[in-house]
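What's in structure-v9.cif: mmCIF, C-alpha atoms and all ligand atoms
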```
data_final
#
loop_
_atom_site.label_atom_id
_atom_site.label_comp_id
_atom_site.auth_asym_id
_atom_site.auth_seq_id
_atom_site.Cartn_x
_atom_site.Cartn_y
_atom_site.Cartn_z
CA MET A 1 117.85 99.63 133.78
CA ALA A 2 115.09 97.55 132.17
CA LYS A 3 111.80 97.40 134.09
CA GLN A 4 110.68 94.13 135.67
CA LEU A 5 106.99 93.72 135.05
CA SER A 6 105.00 90.64 135.81
CA ALA A 7 104.31 88.62 132.66
CA GLN A 8 100.66 89.63 132.87
CA ALA A 9 101.45 93.35 133.20
CA HIS A 10 103.87 93.07 130.26
CA ASN A 11 101.14 91.48 128.16
CA GLU A 12 98.56 94.07 129.14
CA ALA A 13 100.98 96.89 128.36
CA MET A 14 101.22 95.66 124.77
CA HIS A 15 97.54 95.88 123.86
CA GLU A 16 97.41 99.40 122.40
CA TYR A 17 100.73 98.95 120.59
CA VAL A 18 99.43 95.68 119.16
CA ARG A 19 96.20 97.34 117.98
CA LEU A 20 98.05 100.08 116.11
CA GLY A 21 100.57 97.66 114.62
CA THR A 22 97.86 95.25 113.48
CA ASP A 23 96.04 98.01 111.60
CA ARG A 24 99.29 98.91 109.86
CA ALA A 25 100.08 95.26 109.04
CA TYR A 26 96.92 94.83 107.00
CA SER A 27 97.12 98.20 105.25
CA ILE A 28 100.63 97.80 103.81
CA GLY A 29 99.71 95.29 101.11
CA ASN A 30 102.84 93.15 101.19
CA ARG A 31 101.32 89.75 101.82
CA GLY A 32 99.51 87.07 99.83
CA PRO A 33 100.09 83.74 98.11
CA ILE A 34 103.29 83.32 96.13
CA ARG A 35 103.02 84.24 92.45
CA PHE A 36 105.33 83.61 89.52
CA ASP A 37 105.72 85.20 86.11
CA ALA A 38 105.39 83.40 82.79
CA ASP A 39 109.02 82.16 83.09
CA GLY A 40 108.44 80.68 86.54
CA LYS A 41 110.38 83.47 88.29
CA LEU A 42 109.05 85.25 91.38
CA ALA A 43 106.45 87.83 90.33
CA GLN A 44 107.87 91.33 89.92
CA GLU A 45 105.15 92.95 92.06
CA ILE A 46 106.20 90.76 95.00
CA LEU A 47 109.83 91.73 94.51
CA ASP A 48 108.82 95.40 94.30
CA ALA A 49 106.83 95.17 97.55
CA TYR A 50 109.74 93.39 99.26
CA TRP A 51 112.24 96.04 98.19
CA GLN A 52 109.87 98.84 99.15
CA HIS A 53 109.10 97.65 102.69
CA GLY A 54 111.99 95.29 103.47
CA PHE A 55 109.75 92.31 104.18
CA TYR A 56 106.96 90.19 102.70
CA ILE A 57 104.60 87.46 103.89
CA PHE A 58 103.86 84.48 101.65
CA GLU A 59 100.55 83.09 102.83
CA GLY A 60 100.04 79.33 102.88
CA LEU A 61 103.33 78.54 101.17
CA ILE A 62 104.00 75.32 103.06
CA ALA A 63 101.39 72.58 102.89
CA GLU A 64 99.63 71.45 106.05
CA GLU A 65 101.09 67.91 105.93
CA GLU A 66 104.62 69.30 105.68
CA ILE A 67 104.00 71.64 108.62
CA SER A 68 102.72 68.67 110.56
CA LEU A 69 105.95 66.74 109.88
CA LEU A 70 108.02 69.75 110.89
CA ARG A 71 106.05 70.10 114.11
CA GLN A 72 106.63 66.44 114.93
CA ASP A 73 110.37 66.85 114.39
CA TYR A 74 110.53 70.04 116.45
CA ASP A 75 108.55 68.41 119.27
CA GLU A 76 111.27 65.78 119.43
CA ILE A 77 114.03 68.34 119.13
CA LEU A 78 112.57 70.31 122.04
CA ASP A 79 112.13 67.14 124.02
CA HIS A 80 115.85 66.39 123.67
CA ALA A 81 117.13 69.87 124.60
CA PRO A 82 119.85 69.98 127.24
CA VAL A 83 118.81 71.36 130.61
CA ASP A 84 121.34 74.16 130.17
CA ASN A 85 123.88 75.31 127.61
CA ASN A 86 126.78 73.33 129.03
CA SER A 87 124.80 70.30 130.11
CA ASP A 88 125.04 66.98 128.27
CA VAL A 89 121.63 65.68 129.39
CA ASP A 90 117.99 66.55 128.80
CA VAL A 91 115.32 66.85 131.50
CA TYR A 92 114.86 63.07 131.48
CA GLY A 93 118.57 62.45 132.06
CA ARG A 94 119.13 61.16 128.50
CA PRO A 95 122.02 62.44 126.40
CA ALA A 96 120.81 65.71 124.87
CA TRP A 97 120.80 65.93 121.09
CA GLY A 98 123.73 67.60 119.41
CA ILE A 99 126.27 67.28 122.22
CA ASP A 100 128.61 65.65 119.70
CA PHE A 101 128.20 68.44 117.12
CA ALA A 102 131.15 70.81 116.66
CA ARG A 103 128.71 73.61 117.42
CA ARG A 104 126.05 72.79 119.94
CA PRO A 105 122.64 73.44 118.44
CA TYR A 106 120.65 74.65 121.45
CA SER A 107 120.80 78.04 123.06
CA MET A 108 119.03 77.98 126.44
CA ILE A 109 118.04 81.13 128.32
CA THR A 110 116.28 82.25 131.48
CA PRO A 111 112.52 82.46 130.76
CA LEU A 112 111.31 85.80 129.35
CA SER A 113 114.84 87.22 129.32
CA ASP A 114 116.65 89.23 126.66
CA PRO A 115 119.99 87.45 126.25
CA TRP A 116 121.58 89.90 123.79
CA GLY A 117 120.12 93.38 124.30
CA GLY A 118 122.62 95.97 125.51
CA THR A 119 125.53 93.50 125.39
CA ASP A 120 128.56 93.15 123.09
CA LEU A 121 127.34 89.74 121.93
CA LEU A 122 126.81 89.18 118.18
CA GLY A 123 128.79 92.27 117.28
CA GLY A 124 126.90 94.47 119.75
CA ARG A 125 124.09 94.88 117.25
CA HIS A 126 121.32 94.71 119.88
CA GLN A 127 122.03 98.16 121.25
CA THR A 128 119.34 98.38 123.94
CA GLN A 129 117.78 95.92 126.33
CA MET A 130 114.13 94.85 126.20
CA ASP A 131 111.76 94.55 129.13
CA GLN A 132 112.32 91.24 130.88
CA PRO A 133 109.09 90.29 132.66
CA ARG A 134 109.18 88.08 135.74
CA PRO A 135 108.47 84.45 134.86
CA ALA A 136 105.90 82.49 136.85
CA ALA A 137 107.18 80.93 140.07
CA ASP A 138 106.96 77.42 138.60
CA ALA A 139 108.77 78.27 135.34
CA PRO A 140 111.79 76.11 134.45
CA GLU A 141 115.17 77.65 135.07
CA LYS A 142 116.15 77.52 131.41
CA VAL A 143 114.12 77.31 128.22
CA PRO A 144 115.11 76.84 124.59
CA PHE A 145 115.52 80.08 122.67
CA LEU A 146 117.39 79.25 119.48
CA ILE A 147 118.11 75.93 117.82
CA GLY A 148 120.68 75.59 115.03
CA SER A 149 121.73 72.73 112.74
CA MET A 150 118.21 72.12 111.45
CA CYS A 151 119.45 70.07 108.50
CA GLN A 152 121.23 67.66 110.86
CA LEU A 153 118.49 67.45 113.48
CA SER A 154 115.42 67.11 111.28
CA ASP A 155 114.74 65.33 107.99
CA ALA A 156 111.65 67.50 107.51
CA ALA A 157 113.72 70.66 107.95
CA LEU A 158 116.34 69.40 105.49
CA ARG A 159 113.59 68.85 102.92
CA LEU A 160 112.19 72.29 103.66
CA TYR A 161 115.61 73.75 102.80
CA GLY A 162 115.20 72.28 99.32
CA HIS A 163 111.65 73.64 98.80
CA PRO A 164 111.42 74.87 95.19
CA ASP A 165 109.28 77.92 95.97
CA ILE A 166 111.57 79.02 98.78
CA LEU A 167 114.61 78.65 96.53
CA THR A 168 112.85 80.52 93.70
CA VAL A 169 112.33 83.42 96.12
CA ALA A 170 116.02 83.31 97.08
CA GLU A 171 116.93 83.41 93.38
CA GLY A 172 114.57 86.33 92.73
CA ILE A 173 116.16 88.40 95.47
CA ASN A 174 119.83 87.40 95.32
CA GLY A 175 120.28 86.06 91.79
CA PRO A 176 120.57 82.45 90.55
CA ASP A 177 124.02 81.96 92.11
CA PHE A 178 122.70 82.87 95.59
CA VAL A 179 124.43 81.31 98.59
CA PRO A 180 123.21 80.27 102.04
CA PHE A 181 123.82 82.15 105.29
CA ASN A 182 122.90 80.03 108.35
CA ASP A 183 119.86 78.59 110.08
CA ALA A 184 118.50 79.23 113.56
CA THR A 185 115.03 78.28 114.71
CA PHE A 186 113.48 80.75 117.16
CA VAL A 187 111.36 79.13 119.85
CA LYS A 188 109.00 81.24 121.91
CA GLN A 189 107.21 79.05 124.40
CA PRO A 190 104.03 80.47 125.96
CA GLY A 191 104.79 82.66 128.95
CA LEU A 192 108.48 81.70 128.73
CA GLY A 193 110.03 82.73 125.40
CA GLY A 194 112.70 85.42 125.53
CA SER A 195 112.92 88.63 123.55
CA VAL A 196 115.20 89.64 120.70
CA ALA A 197 116.09 93.30 121.12
CA TRP A 198 115.71 95.79 118.27
CA HIS A 199 118.51 95.31 115.80
CA GLN A 200 119.63 95.13 112.19
CA ASP A 201 121.25 91.82 111.33
CA GLY A 202 124.08 92.82 109.01
CA LEU A 203 127.52 93.52 110.46
CA THR A 204 130.19 93.61 107.81
CA HIS A 205 129.17 95.81 104.87
CA TRP A 206 127.80 99.06 106.32
CA GLY A 207 130.83 101.05 105.21
CA SER A 208 131.28 99.32 101.87
CA SER A 209 131.54 101.41 98.71
CA GLU A 210 129.19 98.79 97.22
CA TRP A 211 126.60 99.22 100.00
CA ASP A 212 122.97 99.00 98.93
CA GLU A 213 119.62 97.80 100.27
CA GLY A 214 120.32 94.14 99.63
CA ILE A 215 123.99 93.71 100.45
CA HIS A 216 123.43 91.87 103.77
CA GLY A 217 120.93 89.38 102.33
CA PHE A 218 117.62 88.31 103.86
CA ASN A 219 116.08 85.65 106.10
CA PHE A 220 113.12 83.35 105.69
CA GLN A 221 110.95 82.35 108.61
CA VAL A 222 108.70 79.34 108.13
CA GLN A 223 105.96 79.52 110.73
CA LEU A 224 104.92 76.26 112.37
CA TYR A 225 102.22 77.87 114.54
CA GLU A 226 100.08 80.96 114.38
CA CYS A 227 102.09 84.12 114.97
CA THR A 228 100.14 86.73 116.92
CA ALA A 229 101.18 90.31 117.47
CA PHE A 230 102.10 89.31 121.04
CA ASN A 231 104.63 86.62 120.12
CA CYS A 232 105.77 87.45 116.58
CA LEU A 233 108.58 89.30 114.87
CA TRP A 234 108.06 93.08 114.51
CA VAL A 235 109.61 95.03 111.66
CA MET A 236 110.05 98.75 111.01
CA PRO A 237 109.07 99.04 107.34
CA GLY A 238 111.55 100.65 104.95
CA THR A 239 114.45 100.83 107.39
CA HIS A 240 116.60 98.53 105.24
CA LYS A 241 117.26 101.61 103.08
CA LEU A 242 118.59 103.80 105.88
CA GLY A 243 122.07 102.46 106.59
CA LYS A 244 123.10 101.76 110.15
CA ILE A 245 120.52 103.04 112.62
CA ASP A 246 121.18 104.59 116.03
CA ILE A 247 118.77 102.37 117.94
CA LYS A 248 119.72 103.80 121.33
CA GLN A 249 118.65 107.21 120.10
CA ARG A 250 115.34 105.88 118.75
CA VAL A 251 114.55 104.25 122.08
CA ALA A 252 115.63 107.38 123.99
CA ASP A 253 113.41 109.51 121.72
CA ASN A 254 110.56 107.12 122.61
CA SER A 255 110.95 107.90 126.34
CA GLY A 256 113.00 104.74 126.78
CA SER A 257 110.13 102.49 125.70
CA GLU A 258 110.81 99.43 123.56
CA GLN A 259 107.46 99.98 121.81
CA LEU A 260 108.94 101.96 118.93
CA PRO A 261 106.30 103.75 116.85
CA GLY A 262 105.62 102.73 113.24
CA ALA A 263 106.46 99.03 113.57
CA VAL A 264 104.45 96.20 112.06
CA PRO A 265 103.87 92.69 113.47
CA LEU A 266 104.42 89.81 111.05
CA LEU A 267 101.05 88.14 111.63
CA CYS A 268 101.02 84.63 110.21
CA ARG A 269 99.07 81.42 110.03
CA PRO A 270 100.88 78.07 110.25
CA GLY A 271 102.49 77.43 106.87
CA ASP A 272 102.99 81.12 106.09
CA VAL A 273 106.55 82.09 105.25
CA THR A 274 108.02 85.53 105.86
CA ILE A 275 111.07 87.13 104.34
CA ALA A 276 112.85 90.00 106.04
CA ASN A 277 115.80 92.00 104.77
CA ARG A 278 118.74 91.67 107.18
CA GLN A 279 119.11 95.45 107.25
CA VAL A 280 115.55 96.12 108.36
CA LEU A 281 115.14 97.17 112.00
CA HIS A 282 113.32 94.36 113.81
CA CYS A 283 112.72 92.78 117.19
CA SER A 284 110.47 90.40 119.08
CA PHE A 285 109.12 91.00 122.54
CA ALA A 286 109.19 88.58 125.46
CA ASN A 287 106.42 86.06 124.89
CA SER A 288 104.16 86.81 127.82
CA SER A 289 101.25 85.46 125.73
CA PRO A 290 99.67 81.98 126.02
CA HIS A 291 100.66 81.02 122.44
CA ILE A 292 103.78 79.28 121.18
CA ARG A 293 105.77 80.48 118.18
CA ILE A 294 108.32 78.34 116.36
CA SER A 295 109.92 80.10 113.40
CA VAL A 296 112.28 77.99 111.31
CA THR A 297 114.70 80.69 110.20
CA PHE A 298 117.34 80.50 107.48
CA GLY A 299 118.89 83.07 105.20
CA PHE A 300 120.47 83.62 101.82
CA HIS A 301 122.99 86.06 100.39
CA ARG A 302 124.27 87.33 97.13
CA ARG A 303 127.45 85.46 96.27
CA THR A 304 129.30 88.76 95.85
CA SER A 305 128.43 89.84 99.41
CA VAL A 306 130.03 86.77 100.90
CA LEU A 307 133.12 85.99 98.84
CA GLY A 308 136.15 87.45 100.61
CA ALA A 309 134.17 88.54 103.69
CA SER A 310 135.44 87.48 107.13
CA GLY A 311 133.90 85.67 110.02
CA VAL A 312 131.42 87.41 112.32
CA LEU A 313 128.40 86.27 114.36
CA GLY A 314 129.99 83.21 115.88
CA GLN A 315 132.26 82.31 112.95
CA GLU A 316 135.98 82.39 113.69
CA ALA A 317 137.13 85.99 113.23
CA ALA A 318 140.08 84.88 111.07
CA ALA A 319 137.89 82.91 108.67
CA VAL A 320 137.72 84.34 105.17
CA TYR A 321 134.90 83.01 103.04
CA ASP A 322 136.64 81.65 99.97
CA GLU A 323 135.19 79.74 96.99
CA GLN A 324 135.79 76.40 98.69
CA ARG A 325 133.90 77.32 101.86
CA VAL A 326 131.08 78.91 99.90
CA ASP A 327 130.77 75.79 97.75
CA ALA A 328 130.84 73.48 100.79
CA ARG A 329 128.08 75.39 102.56
CA SER A 330 126.04 75.74 99.36
CA SER A 331 126.20 72.00 98.76
CA VAL A 332 123.81 71.54 101.72
CA ILE A 333 121.16 73.15 99.52
CA GLN A 334 121.83 70.69 96.72
CA VAL A 335 121.55 67.71 99.08
CA ALA A 336 118.34 69.21 100.49
CA ILE A 337 116.93 69.46 96.96
CA ASP A 338 117.66 65.78 96.42
CA ALA A 339 116.28 64.76 99.83
CA ARG A 340 113.09 66.60 98.96
CA ALA A 341 112.84 65.06 95.48
CA ASN A 342 113.17 61.57 97.03
CA TYR A 343 110.39 62.25 99.50
CA TYR A 344 108.07 64.18 97.18
CA PRO A 345 108.82 62.58 93.79
CA LYS A 346 105.91 64.34 92.09
CA GLY A 347 106.93 67.80 93.32
CA ARG A 348 108.86 70.40 91.34
CA ARG A 349 112.62 70.00 91.67
CA TYR A 350 114.55 73.27 91.89
CA ALA A 351 117.61 73.58 89.64
CA TYR A 352 120.30 75.32 91.71
CA THR A 353 122.61 77.00 89.20
CA PRO A 354 125.95 76.52 91.04
CA PHE A 355 125.37 72.74 91.08
CA VAL A 356 123.90 72.19 87.64
CA GLY A 357 125.90 69.31 86.10
CA ARG A 358 127.19 68.21 89.54
CA GLU A 359 123.91 66.78 90.88
CA ASP A 360 125.19 63.20 91.04
CA ASP A 361 127.89 64.17 93.54
CA TYR A 362 125.21 65.45 95.91
CA ARG A 363 122.59 62.69 96.00
CA TYR A 364 120.86 62.14 99.31
CA CYS A 365 122.58 58.94 100.46
CA PRO A 366 124.58 57.89 103.55
CA SER A 367 128.05 58.70 102.17
CA VAL A 368 126.97 62.15 100.94
CA ILE A 369 125.11 62.86 104.16
CA GLU A 370 128.30 62.09 106.09
CA ARG A 371 130.48 64.18 103.74
CA VAL A 372 128.21 67.22 103.36
CA MET A 373 125.92 67.40 106.36
CA HIS A 374 128.24 66.50 109.21
CA ASP A 375 128.88 69.73 111.15
CA TYR A 376 127.85 71.80 108.12
CA THR A 377 127.30 74.82 110.38
CA LEU A 378 131.10 75.20 110.62
CA ASN A 379 130.84 76.61 107.10
CA ASP A 380 128.03 79.11 107.80
CA LEU A 381 128.45 82.37 105.89
CA SER A 382 127.64 85.12 108.36
CA ILE A 383 128.09 88.75 107.36
O1 LIG B 1 112.05 85.62 115.33
C1 LIG B 1 112.54 86.30 116.20
O2 LIG B 1 112.03 86.41 117.31
C2 LIG B 1 113.81 87.06 115.96
C3 LIG B 1 114.35 86.88 114.59
C4 LIG B 1 115.54 87.73 114.32
O3 LIG B 1 115.85 88.64 115.01
C5 LIG B 1 116.35 87.44 113.17
O4 LIG B 1 116.06 86.50 112.42
O5 LIG B 1 117.34 88.16 112.98
#
```
Can you give me the file's structure in the form of structure tokens?
Amino acid sequence: MAKQLSAQAHNEAMHEYVRLGTDRAYSIGNRGPIRFDADGKLAQEILDAYWQHGFYIFEGLIAEEEISLLRQDYDEILDHAPVDNNSDVDVYGRPAWGIDFARRPYSMITPLSDPWGGTDLLGGRHQTQMDQPRPAADAPEKVPFLIGSMCQLSDAALRLYGHPDILTVAEGINGPDFVPFNDATFVKQPGLGGSVAWHQDGLTHWGSSEWDEGIHGFNFQVQLYECTAFNCLWVMPGTHKLGKIDIKQRVADNSGSEQLPGAVPLLCRPGDVTIANRQVLHCSFANSSPHIRISVTFGFHRRTSVLGASGVLGQEAAAVYDEQRVDARSSVIQVAIDARANYYPKGRRYAYTPFVGREDDYRYCPSVIERVMHDYTLNDLSI
């Protein structure tokens, strides 16, 4: 049974853990500005650090003005959240955004709760439950936790999806024919944001004869606000190499405490971008701190990991990811590249190998937006 601390007691109980983790975070050496080699590919030393630790932090990757546009869009998105998961209206009684999407974009939870830990949800990958501190008496009943469909809800987020540096990182890790996974923006409001219990993301390929450290892909998080050790993602370095981990045992060996030893907080400034291997053990604690975190999260896979795999993590179980579905979902990237090139005409335009020669079919214009972007999350490629 998880303990129920006050939010303040929860925050105080994190201080020593935060101190140790922060020391580790700065000693690992897997952060810094993005660097490329002479051919414009991601620098080998960055790739080496990523594969060694299972995560990396690109400092200052997204320009301040772009972060400001993203913040404006996410302010609006949050303002139009439904009051609860099955409600059609926001707190002002207006129609909530996304109620006409095939998949509703908002996931609302009780403040400071852990909606997945110790449940069978999402393939049962969150094996243990986190501490769920008591929210303040005046806290709202439900708060936003996750927001999907970023490319439909926000022009700035669509353009971000076509960012040339981000796509060059995806190419460096998964090869030039990389494919998308999904997107889900984590929102951790001050004193309200819920926790994400310790887990590894991947579900489908643990027993594969082809299994290796990269088979379940990786996620980006673009940080719109400062990420402190109290509100950020925590990662257990190197665990992407270990196969499937018995998390229950790790927590039991730690006297039942969620503060697993050896973890590192992903400390970031606004505009920093993190990458984390989907096999690395990671979590985030309830945000009992006074600081907001919004992490725009989206992932990429190797094409070979996805083709022929079947639906998990909210996709229909019977769905098999064939060439047509992979192409349809990947085309969102190509439209994002064009949307970005329209908005930032002087910026570098990324050449996405699977669409080279087909660019004209994926220009950012009303008919293409309708054809490609409408309910694109139905084609997500979760593994
Ligand atoms: O950012 C967070 O709080 C959780 C992120 C996470 O668990 C994930 O991306 O798989």
Please identify every residue of region 51-77 of chain A that has at least one atom no farther than 9 Å from an atom of region 213-225 of chain A, counting all atoms listed in the file, and for each give the shortest atom pair and the distance in Å to one decimal, arranged by chain then increasing number, as a tab-separated table.
```
residue	atom	partner	partner_atom	distance
A:Trp51	CA	A:Glu213	CA	7.9
A:Gly54	CA	A:Glu213	CA	8.6
A:Phe55	CA	A:Phe218	CA	8.8
A:Leu61	CA	A:Val222	CA	8.8
A:Ile62	CA	A:Val222	CA	8.0
A:Ile67	CA	A:Leu224	CA	6.0
A:Ser68	CA	A:Leu224	CA	8.1
A:Leu70	CA	A:Leu224	CA	7.4
A:Arg71	CA	A:Leu224	CA	6.5
```
* Name all residues at most 8 Å from Ser154 (chain A) (count all atoms listed in the file; drop same-chain ones fewer than 3 positions away) and give them as a ChimeraX atom specification. => /A:70,73-74,150-151,157-158
Centre and edges of the region 173-179 of chain A box, axis-aligned, 4 Å extra per side, as AutoDock Vina command-line options:
```
--center_x 120.3 --center_y 84.9 --center_z 94.6 --size_x 16.3 --size_y 15.1 --size_z 16.0
```
With ligand LIG 1 (chain B) as the partner and 10 Å as the cut-off, tabulate the residues of chain A that qualify, each row holding the nearest pair of atoms and their distance in Å to one decimal, using all atoms listed in the file, sorted by chain and rising number, as a tab-separated table.
```
residue	atom	partner	partner_atom	distance
A:His126	CA	B:LIG1	O3	9.5
A:Phe145	CA	B:LIG1	O2	9.0
A:Leu146	CA	B:LIG1	C1	9.2
A:Asp183	CA	B:LIG1	O4	9.1
A:Ala184	CA	B:LIG1	O4	7.8
A:Thr185	CA	B:LIG1	O1	7.9
A:Phe186	CA	B:LIG1	O1	5.4
A:Val187	CA	B:LIG1	O2	7.7
A:Lys188	CA	B:LIG1	O2	7.6
A:Gly193	CA	B:LIG1	O2	9.1
A:Gly194	CA	B:LIG1	O2	8.3
A:Ser195	CA	B:LIG1	O2	6.7
A:Val196	CA	B:LIG1	C2	5.6
A:Ala197	CA	B:LIG1	O3	7.7
A:Trp198	CA	B:LIG1	O3	7.9
A:His199	CA	B:LIG1	O3	7.2
A:Gln200	CA	B:LIG1	O5	7.4
A:Asp201	CA	B:LIG1	O5	5.6
A:Gly202	CA	B:LIG1	O5	9.1
A:Phe218	CA	B:LIG1	O4	8.9
A:Asn219	CA	B:LIG1	O4	6.4
A:Phe220	CA	B:LIG1	O4	8.0
A:Gln221	CA	B:LIG1	O1	7.6
A:Gln223	CA	B:LIG1	O1	9.8
A:Asn231	CA	B:LIG1	O2	7.9
A:Cys232	CA	B:LIG1	O2	6.4
A:Leu233	CA	B:LIG1	O1	5.1
A:Trp234	CA	B:LIG1	O2	8.3
A:Val235	CA	B:LIG1	O3	9.5
A:Leu266	CA	B:LIG1	O1	9.7
A:Ile275	CA	B:LIG1	O4	9.5
A:Ala276	CA	B:LIG1	O4	8.0
A:Asn277	CA	B:LIG1	O5	9.2
A:Arg278	CA	B:LIG1	O5	6.9
A:Gln279	CA	B:LIG1	O5	9.4
A:Val280	CA	B:LIG1	O5	9.4
A:Leu281	CA	B:LIG1	O3	9.1
A:His282	CA	B:LIG1	O3	6.4
A:Cys283	CA	B:LIG1	O3	5.6
A:Ser284	CA	B:LIG1	O2	4.6
A:Phe285	CA	B:LIG1	O2	7.5
A:Ala286	CA	B:LIG1	O2	8.9
A:Asn287	CA	B:LIG1	O2	9.4
A:Arg293	CA	B:LIG1	O1	8.6
A:Ile294	CA	B:LIG1	O1	8.2
A:Ser295	CA	B:LIG1	O1	6.2
A:Val296	CA	B:LIG1	O1	8.6
A:Thr297	CA	B:LIG1	O4	6.4
A:Phe298	CA	B:LIG1	O4	7.9
A:Gly299	CA	B:LIG1	O4	8.5
```
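Nearest residue to Ile166 (chain A) among A:Arg24, A:Lys41, A:Arg31, A:Lys346 is A:Lys41, counting only C-alpha atoms.
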* Of the candidates A:Val356, A:Ala81, A:Ile245, A:Val251, which shows the shortest atom-to-atom distance to Pro105 (chain A), using all atoms listed in the file? ->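 That would be A:Ala81, the residue with the smallest distance to Pro105 (chain A).
Take CA of Ala252 (chain A) and CA of Gly117 (chain A): the distance between them is 14.7 Å.
We find CA of Ala63 (chain A) and CA of Arg349 (chain A) to be spaced 16.1 Å apart.
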* d(CA of Pro270 (chain A), CA of Val143 (chain A)) in Å ->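 A separation of 22.3 Å between them.
If all atoms listed in the file are the atoms counted, then among A:Glu171, A:Tyr17, A:Glu226, A:Gln324 the closest residue to Arg269 (chain A) is A:Glu226.
Nearest residue to Pro33 (chain A), choosing from A:Leu47, A:Leu260, A:Val273, A:Leu122 and counting all atoms listed in the file: A:Val273.
Counting all atoms listed in the file and comparing A:Met373, A:Ala137, A:Val89, A:Leu192, the residue that lies closest to Pro290 (chain A) is A:Leu192.
The residue set within 12 Å of Asp48 (chain A), counting all atoms listed in the file and dropping same-chain residues fewer than 6 places from it, reads Gly29, Asn30, Leu42, Gly54, Phe55, Tyr56, Gly172 and Ile173 of chain A.
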Could you take the residues named above and write them with C-alpha atoms, as a short mmCIF file (atom, residue, chain, number, x, y, z; two decimals), in the frame of the given file?
```cif
data_model
loop_
_atom_site.label_atom_id
_atom_site.label_comp_id
_atom_site.auth_asym_id
_atom_site.auth_seq_id
_atom_site.Cartn_x
_atom_site.Cartn_y
_atom_site.Cartn_z
CA GLY A 29 99.71 95.29 101.11
CA ASN A 30 102.84 93.15 101.19
CA LEU A 42 109.05 85.25 91.38
CA GLY A 54 111.99 95.29 103.47
CA PHE A 55 109.75 92.31 104.18
CA TYR A 56 106.96 90.19 102.70
CA GLY A 172 114.57 86.33 92.73
CA ILE A 173 116.16 88.40 95.47
#
```
